Amino acid sequence: MDALYLMFVDPFVQMADAPDFFLQVLWEGLVSGVLYALIALGFVLIFKSSRIFNFAQGIMVVFAALTLVGLYEMGLPAWVSVGVTLLVMYGLAMCVERVVLRPLVGQPDIILFMASIGVTMFLIGFGEFVFGGENKVMITEALGIPTGAIELNPFDGFVLIEEKDLTAVIMAVLLVLGLLLFLNKTAMGRAIRALGDDPQAALSVGISLSQIWVLVWFIAGVIALATGIVWGARAGVSFALEVIAYKALPVLMLGGLESVAGAIIGGIAIGLLEKIFEIYWGQPLLGGNTETWFAFILALVVLLFRPQGLFGERIIERV
Amino acid sequence: MGLKGILKLAAATSLVCSLGVVAASAASLYVPNLTYRTGPFAATGIPIMNGQRDYVEMINARDGGVGGIELEFDECETGYNTNKGVECYEKTKGNAIVTQPWSTGITLQVLPRTNVDRIPILAPGYGFSPMSEGNTFAWAFNPPVSYWDGAYMILEYISGGDMSSLKGKEIALLHLDHPFGKEPIPLFEKMAAAHGFKFLKIPVGLKEMQNQSAQWLQIRRERPDHVIMWGWGAMNAGALTEAVKTRFPLDKMIGVWWSGSDDDLLPLGGKAKGYKSISWNAPGDYAVMKDIRKHVVDQGNSLLKSSADMDKVFYQRGVVISAILVEGIRTAQAKYGKANIGPEELRWGLENLDITAERLKEMGMDGMFAPLKTSCDNHTGHAGAWMLEWDGERFVQVSDLLKPNREVIKPLEAEKAAEYARNNAPWPGRDGLACN
């Protein structure tokens, strides 16, 4: 009976007893979810246009953040450093397209996936060679990102909202809106979607494969930079940032690899649910640290019923 | 060049290489280090490994090595990955007189192999705490203190020397969910049962190191009286950031010695004032540091990015670690009357360390670490440690030397060592190695 009470009654009693704490849990879950969604978006964009599961997305986050901090440490003003970092990410996109992807056109997906692992290894080595492995401080204040906290007092309790978390959420929302506008309202955006929907048809109407690949890898680079700034502002910039990319995997399983909406909704859903589960069930009943596996279990359950993910496209091949 | 020419060139190259290896092995003692200058834990690994390396370089430059023979310090990169660590061990063990695995996970993996390969493990301040039991773990050494010593000394400090004052309190252990992070748990559980405090484990997964909001929400809900952190790498900076964010009083938070890196605290500056970390090396301007500056750093032979990093706790801890190794080599050389010792002789040296206060003065390290003495049944030395506090800019010493209580810890070491030997039977123990 105790176990049943702890599982089915106590968590809800706790939520009702300390509603301010519950709101804090929801806020933290939302922030985590938005950050997961940002990482997942990088994966989705590249997969959508080239069917490559980009293993390098995590290290791109590290590389972009390290470049930004490195340029600032060299004496460039913060926003000039952002501009130059974007140029570097564009250069990286061009190099990946020229050196890695172009020679592999028409090869099976698994070859392209392996190539993205190669890009990861190169960026790890190159990044460590150029920037070293030491922890660096994100230039949060130089970029004008506020670092204070807002204290709210609902239900006679308190909810703390870090201004940099709030900035991260706003930045992510703007980025996603911009991306959706770009994909839906511009010719280049439509070209990316066309390539994702039907590569042969898209190529036959004159869409340039190499141009689109450079573009999507560059956009993934922009997302990586945004991700690096917001994650780096939380706990410094180091190669440890790379592991956060793994948090995007269950988001992709849940939301579907081709869906921008799936990445966003999947990310936020996982962020919220894993936080609520950890606080009200994981910590009291399972000793905590359920965040390492909860999202994967949730995604697997979804896959049982929808193998293509919540928003993925169901592919029917007739033979 | 024809085929014959190529064959001749290959033969000549291999001959030169072989001669080089023979010459190197005859003229130096090979002391490899399984480092992690890359990967998620690099930020905390690099300063320590720089300190280790620079001390050895200084000994070579200033004294021409130890007892007239140079030390060949070599690094094999593991990225703190256990599998790579085992590969590095296998790759370097050939001519090595010691192995320094640099991770509790790697240490546990190579522990049985070193019995067979007959190479001593030197794991200062890390690894499996029962390795202190030299009669069971003849080839393993973890001076100057073990994790269980650290856990005891932190509780001693929190309680103000009176453990009964902990009764009814709640102490949380925020730990990396990894063999290193779990290592102190048996001691904490034993102390909680003995002294009536509530012990709460809060694990942090590797993927959650930089987003510990769930763990800190738990701390906000439970409101423990103290948080003890057993963190490493990016986990430390992540935890301190969250602690500041959730307004947890930092003077109620104490980290193990691997959670006391200046680099983790510098980004927080004054916000982290009051945070404490136990440390078995006290940072300062010691004579040995001047020698390292003169013979290595000023000569451009250090990997340090800035000479100011020499003042940091972790760099100086690396110096202490290599100093312990060098003392082990000296002790063995004195016993066996030869400079070119092998791993079995070094094992004896590490088992008979006697670094007195006078010897520390001679080494230019007076007060840098506590006098240390090992023996057959004490491979740790249990020398003691100090509490350091972050003053907003640097760590400063805020306690006298704290000492672990052997009466409490030794029975647990004996119990867990015996359990390990049973679970890994047939475990060789001392395997005929004489004591003395």
# chains A, B, ... in the order shown; residues from 1 in each chain; ligands from 1

$ closest_atom_pairs --of "chain B" --to "chain A" --cutoff "9 Å" --atoms "only C-alpha atoms" --output "tab-separated table"
residue	atom	partner	partner_atom	distance
B:Arg37	CA	A:Gly133	CA	6.2
B:Thr38	CA	A:Gly133	CA	5.7
B:Gly39	CA	A:Phe239	CA	5.5
B:Pro40	CA	A:Ala240	CA	3.7
B:Phe41	CA	A:Ala240	CA	6.9
B:Ala42	CA	A:Gly133	CA	5.4
B:Ala43	CA	A:Glu134	CA	4.1
B:Thr44	CA	A:Glu134	CA	7.5
B:Gly45	CA	A:Glu134	CA	8.7
B:Ile46	CA	A:Glu134	CA	7.1
B:Pro47	CA	A:Glu134	CA	8.6
B:Asp177	CA	A:Asn289	CA	8.2
B:Lys201	CA	A:Gly287	CA	7.5
B:Ile202	CA	A:Gly288	CA	6.7
B:Pro203	CA	A:Asn289	CA	5.8
B:Val204	CA	A:Asn289	CA	6.1
B:Gly205	CA	A:Asn289	CA	6.3
B:Leu206	CA	A:Val243	CA	8.0
B:Lys207	CA	A:Val243	CA	5.8
B:Glu208	CA	A:Thr292	CA	7.5
B:Met209	CA	A:Ala240	CA	8.4
B:Gln210	CA	A:Ala235	CA	5.7
B:Asn211	CA	A:Arg234	CA	7.7
B:Ser213	CA	A:Glu28	CA	6.7
B:Ala214	CA	A:Lys275	CA	6.4
B:Gln215	CA	A:Asn289	CA	8.1
B:Leu217	CA	A:Val25	CA	7.3
B:Gln218	CA	A:Ile279	CA	6.8
B:Arg220	CA	A:Phe21	CA	8.8
B:Arg221	CA	A:Phe21	CA	7.9
B:Gly233	CA	A:Ala240	CA	8.1
B:Ala234	CA	A:Ala240	CA	6.3
B:Met235	CA	A:Ala235	CA	8.6
B:Asn236	CA	A:Ala235	CA	8.9
B:Ala237	CA	A:Ala235	CA	5.7
B:Gly238	CA	A:Ala235	CA	4.9
B:Ala239	CA	A:Ala235	CA	8.4
B:Leu240	CA	A:Ala235	CA	8.7
B:Thr241	CA	A:Ala235	CA	6.6
B:Glu242	CA	A:Arg234	CA	8.4
B:Lys245	CA	A:Glu162	CA	7.5
B:Thr246	CA	A:Leu160	CA	7.6
B:Asp263	CA	A:Asn135	CA	7.2
B:Asp264	CA	A:Asn135	CA	7.9
B:Leu266	CA	A:Val137	CA	9.0
B:Pro267	CA	A:Val137	CA	6.2

$ write_last_selection --atoms "C-alpha atoms" --output "mmCIF file, in the first residue's frame"
data_model
loop_
_atom_site.group_PDB
_atom_site.id
_atom_site.type_symbol
_atom_site.label_atom_id
_atom_site.label_comp_id
_atom_site.auth_asym_id
_atom_site.auth_seq_id
_atom_site.Cartn_x
_atom_site.Cartn_y
_atom_site.Cartn_z
ATOM 1 C CA ARG B 37 44.107 16.482 -21.627
ATOM 2 C CA THR B 38 41.096 15.993 -23.887
ATOM 3 C CA GLY B 39 37.404 15.288 -23.403
ATOM 4 C CA PRO B 40 34.837 16.381 -20.824
ATOM 5 C CA PHE B 41 37.265 16.209 -17.906
ATOM 6 C CA ALA B 42 40.216 17.922 -19.583
ATOM 7 C CA ALA B 43 39.663 21.236 -17.826
ATOM 8 C CA THR B 44 40.520 19.698 -14.469
ATOM 9 C CA GLY B 45 43.030 17.178 -15.796
ATOM 10 C CA ILE B 46 45.307 19.607 -17.625
ATOM 11 C CA PRO B 47 46.566 21.681 -14.658
ATOM 12 C CA ASP B 177 27.366 8.840 -10.893
ATOM 13 C CA LYS B 201 22.780 10.563 -1.960
ATOM 14 C CA ILE B 202 22.227 12.827 -4.958
ATOM 15 C CA PRO B 203 23.812 11.343 -8.095
ATOM 16 C CA VAL B 204 24.710 13.447 -11.131
ATOM 17 C CA GLY B 205 24.906 11.582 -14.443
ATOM 18 C CA LEU B 206 27.676 12.347 -16.924
ATOM 19 C CA LYS B 207 25.157 13.887 -19.315
ATOM 20 C CA GLU B 208 23.656 16.042 -16.551
ATOM 21 C CA MET B 209 26.914 17.576 -15.341
ATOM 22 C CA GLN B 210 26.133 20.914 -16.938
ATOM 23 C CA ASN B 211 22.449 20.983 -16.192
ATOM 24 C CA SER B 213 18.720 21.828 -12.023
ATOM 25 C CA ALA B 214 16.942 18.616 -10.904
ATOM 26 C CA GLN B 215 19.610 17.854 -8.314
ATOM 27 C CA LEU B 217 15.677 21.383 -6.899
ATOM 28 C CA GLN B 218 16.015 18.314 -4.687
ATOM 29 C CA ARG B 220 15.992 23.118 -2.296
ATOM 30 C CA ARG B 221 13.209 20.720 -1.289
ATOM 31 C CA GLY B 233 35.400 17.981 -14.429
ATOM 32 C CA ALA B 234 32.469 19.998 -15.658
ATOM 33 C CA MET B 235 30.324 18.768 -12.772
ATOM 34 C CA ASN B 236 32.060 21.113 -10.325
ATOM 35 C CA ALA B 237 31.416 24.312 -12.239
ATOM 36 C CA GLY B 238 27.841 23.147 -12.962
ATOM 37 C CA ALA B 239 27.126 22.482 -9.282
ATOM 38 C CA LEU B 240 28.618 25.736 -8.068
ATOM 39 C CA THR B 241 26.648 27.699 -10.646
ATOM 40 C CA GLU B 242 23.427 26.009 -9.517
ATOM 41 C CA LYS B 245 21.521 30.273 -8.495
ATOM 42 C CA THR B 246 19.417 28.503 -5.859
ATOM 43 C CA ASP B 263 39.442 27.339 -12.638
ATOM 44 C CA ASP B 264 35.990 26.127 -11.547
ATOM 45 C CA LEU B 266 37.137 31.884 -11.050
ATOM 46 C CA PRO B 267 34.097 32.409 -13.323
#

$ residues_around --residues "Phe128 of chain B" --least-positions-apart "4" --cutoff "8 Å" --atoms "only C-alpha atoms" --output "PyMOL selection string"
chain B and resi 104+107-108+146-147+183

$ write_last_selection --atoms "N, CA and C atoms" --output "CSV table (one decimal), in the first residue's frame"
chain,number,residue,atom,x,y,z
B,104,THR,N,39.5,6.5,-11.1
B,104,THR,CA,39.1,5.4,-10.2
B,104,THR,C,38.6,4.2,-11.1
B,107,THR,N,41.6,2.6,-12.6
B,107,THR,CA,42.4,1.9,-11.5
B,107,THR,C,41.8,0.6,-11.2
B,108,LEU,N,40.4,0.5,-11.1
B,108,LEU,CA,39.7,-0.7,-10.8
B,108,LEU,C,40.0,-1.8,-11.9
B,146,SER,N,43.1,8.6,1.4
B,146,SER,CA,42.1,7.9,0.5
B,146,SER,C,40.8,8.7,0.6
B,147,TYR,N,39.9,8.3,-0.3
B,147,TYR,CA,38.6,9.0,-0.3
B,147,TYR,C,37.9,8.8,1.0
B,183,GLU,N,32.6,6.2,-4.5
B,183,GLU,CA,33.6,5.6,-3.6
B,183,GLU,C,33.4,5.9,-2.1

$ atom_distance --atom1 "atom CA of Val297 of chain B" --atom2 "atom CA of Gly260 of chain B"
23.8 Å

$ residues_around --residues "segment 42-59 of chain A" --least-positions-apart "2" --cutoff "7 Å" --atoms "only C-alpha atoms" --output "number ranges by chain"
A: 38-40, 61-63, 109, 112-113, 116-117, 119-120, 123-124, 192-193, 195-196, 216-217, 220, 223, 242-245, 257-260

$ select_by_dssp --residues "segment 36-271 of chain A" --states "alpha helix (DSSP H)" --output "PyMOL selection string"
chain A and resi 36-50+57-73+78-95+109-131+163-185+187-197+199-204+209-235+248-255+260-271

$ residues_around --residues "His195 of chain B" --least-positions-apart "6" --cutoff "9 Å" --atoms "only C-alpha atoms" --output "PyMOL selection string"
chain B and resi 163-168

$ closest_residue --among "B:Ser306, B:Asn135, B:Thr331, B:Asn281" --to "Leu401 of chain B" --atoms "only C-alpha atoms"
B:Asn281

$ atom_distance --atom1 "atom CA of Pro404 of chain B" --atom2 "atom CA of Leu155 of chain B"
10.0 Å

$ closest_residue --among "A:Ile212, A:Thr85, A:Leu30, A:Gln14" --to "Ala172 of chain A" --atoms "only C-alpha atoms"
A:Leu30

$ atom_distance --atom1 "atom CA of Val398 of chain B" --atom2 "atom CA of Gly318 of chain B"
21.5 Å

$ residues_around --residues "segment 173-182 of chain A" --least-positions-apart "6" --cutoff "10 Å" --atoms "only C-alpha atoms" --output "list in words"
Val34, Ala37, Leu38, Leu41, Leu45, Thr167, Met188, Gly189, Arg190, Ile192, Ile219, Val222, Ile223, Ala226, Val260, Ala261 and Ile264 of chain A

$ write_last_selection --atoms "C-alpha atoms" --output "PDB file, in the first residue's frame"
ATOM      1  CA  VAL A  34      13.977  24.574 -24.991  1.00  0.00           C
ATOM      2  CA  ALA A  37      14.959  21.466 -28.759  1.00  0.00           C
ATOM      3  CA  LEU A  38      17.722  23.803 -29.949  1.00  0.00           C
ATOM      4  CA  LEU A  41      16.875  21.362 -34.471  1.00  0.00           C
ATOM      5  CA  LEU A  45      17.707  20.490 -40.472  1.00  0.00           C
ATOM      6  CA  THR A 167      17.143  35.153 -22.393  1.00  0.00           C
ATOM      7  CA  MET A 188      15.898  28.861 -50.376  1.00  0.00           C
ATOM      8  CA  GLY A 189      13.786  27.546 -47.523  1.00  0.00           C
ATOM      9  CA  ARG A 190      11.367  25.932 -49.902  1.00  0.00           C
ATOM     10  CA  ILE A 192      15.544  22.821 -48.563  1.00  0.00           C
ATOM     11  CA  ILE A 219      22.235  27.096 -40.343  1.00  0.00           C
ATOM     12  CA  VAL A 222      24.226  29.140 -36.334  1.00  0.00           C
ATOM     13  CA  ILE A 223      22.072  26.922 -34.118  1.00  0.00           C
ATOM     14  CA  ALA A 226      23.230  29.850 -30.142  1.00  0.00           C
ATOM     15  CA  VAL A 260      11.050  20.959 -37.074  1.00  0.00           C
ATOM     16  CA  ALA A 261       7.832  21.083 -35.057  1.00  0.00           C
ATOM     17  CA  ILE A 264      10.516  21.763 -30.707  1.00  0.00           C
TER      18      ILE A 264
END

$ residues_around --residues "Tyr336 of chain B" --least-positions-apart "4" --cutoff "10 Å" --atoms "only C-alpha atoms" --output "list in words"
Thr331, Ala332, Asn340, Ile341, Glu345, Leu346, Trp348 and Gly349 of chain B

$ closest_residue --among "B:Met289, B:Ala339, B:Asp298, B:Thr82" --to "Ala27 of chain B" --atoms "only C-alpha atoms"
B:Ala339

$ closest_residue --among "B:Tyr126, B:Phe369, B:Trp427, B:Tyr36" --to "Ala385 of chain B" --atoms "only C-alpha atoms"
B:Phe369

$ decode --residues "segment 79-91 of chain A" --atoms "N, CA and C atoms" --output "mmCIF file, in the first residue's frame"
data_model
loop_
_atom_site.group_PDB
_atom_site.id
_atom_site.type_symbol
_atom_site.label_atom_id
_atom_site.label_comp_id
_atom_site.auth_asym_id
_atom_site.auth_seq_id
_atom_site.Cartn_x
_atom_site.Cartn_y
_atom_site.Cartn_z
ATOM 1 N N TRP A 79 30.421 41.479 -30.122
ATOM 2 C CA TRP A 79 29.508 41.226 -31.243
ATOM 3 C C TRP A 79 30.275 41.042 -32.563
ATOM 4 N N VAL A 80 31.472 41.639 -32.640
ATOM 5 C CA VAL A 80 32.316 41.368 -33.818
ATOM 6 C C VAL A 80 32.749 39.895 -33.773
ATOM 7 N N SER A 81 33.041 39.425 -32.551
ATOM 8 C CA SER A 81 33.422 38.005 -32.398
ATOM 9 C C SER A 81 32.281 37.101 -32.860
ATOM 10 N N VAL A 82 31.052 37.496 -32.552
ATOM 11 C CA VAL A 82 29.900 36.695 -33.002
ATOM 12 C C VAL A 82 29.880 36.655 -34.535
ATOM 13 N N GLY A 83 30.080 37.826 -35.156
ATOM 14 C CA GLY A 83 30.072 37.897 -36.621
ATOM 15 C C GLY A 83 31.168 37.031 -37.228
ATOM 16 N N VAL A 84 32.378 37.136 -36.658
ATOM 17 C CA VAL A 84 33.492 36.348 -37.210
ATOM 18 C C VAL A 84 33.241 34.856 -36.973
ATOM 19 N N THR A 85 32.665 34.525 -35.814
ATOM 20 C CA THR A 85 32.350 33.107 -35.550
ATOM 21 C C THR A 85 31.364 32.579 -36.592
ATOM 22 N N LEU A 86 30.390 33.411 -36.955
ATOM 23 C CA LEU A 86 29.437 32.978 -37.985
ATOM 24 C C LEU A 86 30.165 32.738 -39.312
ATOM 25 N N LEU A 87 31.145 33.618 -39.613
ATOM 26 C CA LEU A 87 31.931 33.401 -40.834
ATOM 27 C C LEU A 87 32.698 32.080 -40.765
ATOM 28 N N VAL A 88 33.252 31.812 -39.568
ATOM 29 C CA VAL A 88 33.992 30.550 -39.394
ATOM 30 C C VAL A 88 33.048 29.362 -39.602
ATOM 31 N N MET A 89 31.832 29.467 -39.067
ATOM 32 C CA MET A 89 30.876 28.357 -39.219
ATOM 33 C C MET A 89 30.471 28.207 -40.696
ATOM 34 N N TYR A 90 30.421 29.341 -41.410
ATOM 35 C CA TYR A 90 30.121 29.255 -42.838
ATOM 36 C C TYR A 90 31.275 28.557 -43.567
ATOM 37 N N GLY A 91 32.489 28.937 -43.184
ATOM 38 C CA GLY A 91 33.670 28.293 -43.773
ATOM 39 C C GLY A 91 33.668 26.796 -43.499
#
